[in-house]
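Worksheet: the structure to be examined is printed underneath.
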Amino acid sequence: MPGRKKKAKSETKPTEKRKLPTLSPALKFVLSFLVSLAVLGLAYSHLTAKYHEHMEWLMDATATATGAAVSVFSDGVYCSGKFVSYNGFSVEIIDECTGLLEMVIYLAAVVSFSASIRKKLIGIATGVPAIYLFNLLRIVVLLVVGSMSKRLFDFMHLYFWQATLILMIATVWIGWLILVVYREKKPVAVSS
């Protein structure tokens with residue numbers, strides 16, 4: 001039929017899959033860390049508010065451990081529940097003094113990093129006690145400083161140790177990365 005146009009054959013191209021933009025590993029970590037931090041932070045806030053009376057043992061234990069550490073060097077230490085005194089200067093150990101919030105931040109960083117479950121468990125098992133011990137050191141220093149100068153205590157408590165806690169969390173996390181996550185296994189030499 002002369003007036004009809006021929007249908008053009010449609011060229012079939014192989015279907016191209018559209019690639020979704022991939023996020024860099026660093027950006028994935030940051031986003032995962034922020035989500036983990038929000039979830040763990042909200043859980044921490046809710047649990048400490050709801051079960052505050054069940055947290056008393058940790059505050060008491062932290063006060064007792066602080067007193068025990070200071071008593072190694074001096075006899076002027078007195079502990080009673082959440083309170084610890086040194087040479088007449090007394091502090092009360094509250095929720096924020098236990099190191100739990102710092103542990104939550106550290107846990108969010110460990111959980112968010114791309115590593116095996118085994119390495120994450122090692123990071124948690126070693127990092128959480130390290131953060132608790134560092135926090136005890138912080139309280140011991142604050143107690144000793146406070147017994148010498150209230151003004152210096154205020155500076156150390158409000159400014160110095162806040163920045164130091166951030167560095168401490170980062171140091172423990174980086175230590176985990178270096179010593180556990182990126183540690184290369186050395187080949188075992190076989191002697192004949």
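Residues in the structure tokens are numbered from 1 in each chain, the chains being A, B, ... in the order shown, and ligands are numbered from 1 in the order shown.
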Stretch 63-66 of chain A surroundings by only C-alpha atoms, 8 Å radius, close-in-sequence under 6 positions cut, as a ChimeraX atom specification: /A:79,81-84,92-93,136-137,139-140
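Excluding A:Gly175 itself and any same-chain residue fewer than 4 positions from it, the protein and nucleic acid residues within 12 Å of it, counting only C-alpha atoms, are Tyr106, Val110, Ile122, Gly123, Thr126, Gly127, Ala130, Leu167, Met168, Ile169, Ala170, Thr171, Leu179, Val180, Val181, Tyr182 and Arg183 of chain A.
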Which residue of A:Gln162, A:Gly88, A:Tyr132, A:Asp95 approaches A:Tyr51 most closely, using only C-alpha atoms: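 Selected residue with least distance to A:Tyr51: A:Asp95.
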Closest of A:Ile124, A:Val172, A:Arg118, A:Leu107 to A:Ser36 - atom-to-atom distances counting only C-alpha atoms: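 Nearest to A:Ser36: A:Leu107.
Here atom CA of A:Ala115 is placed at a distance of 24.2 Å from atom CA of A:Leu42.
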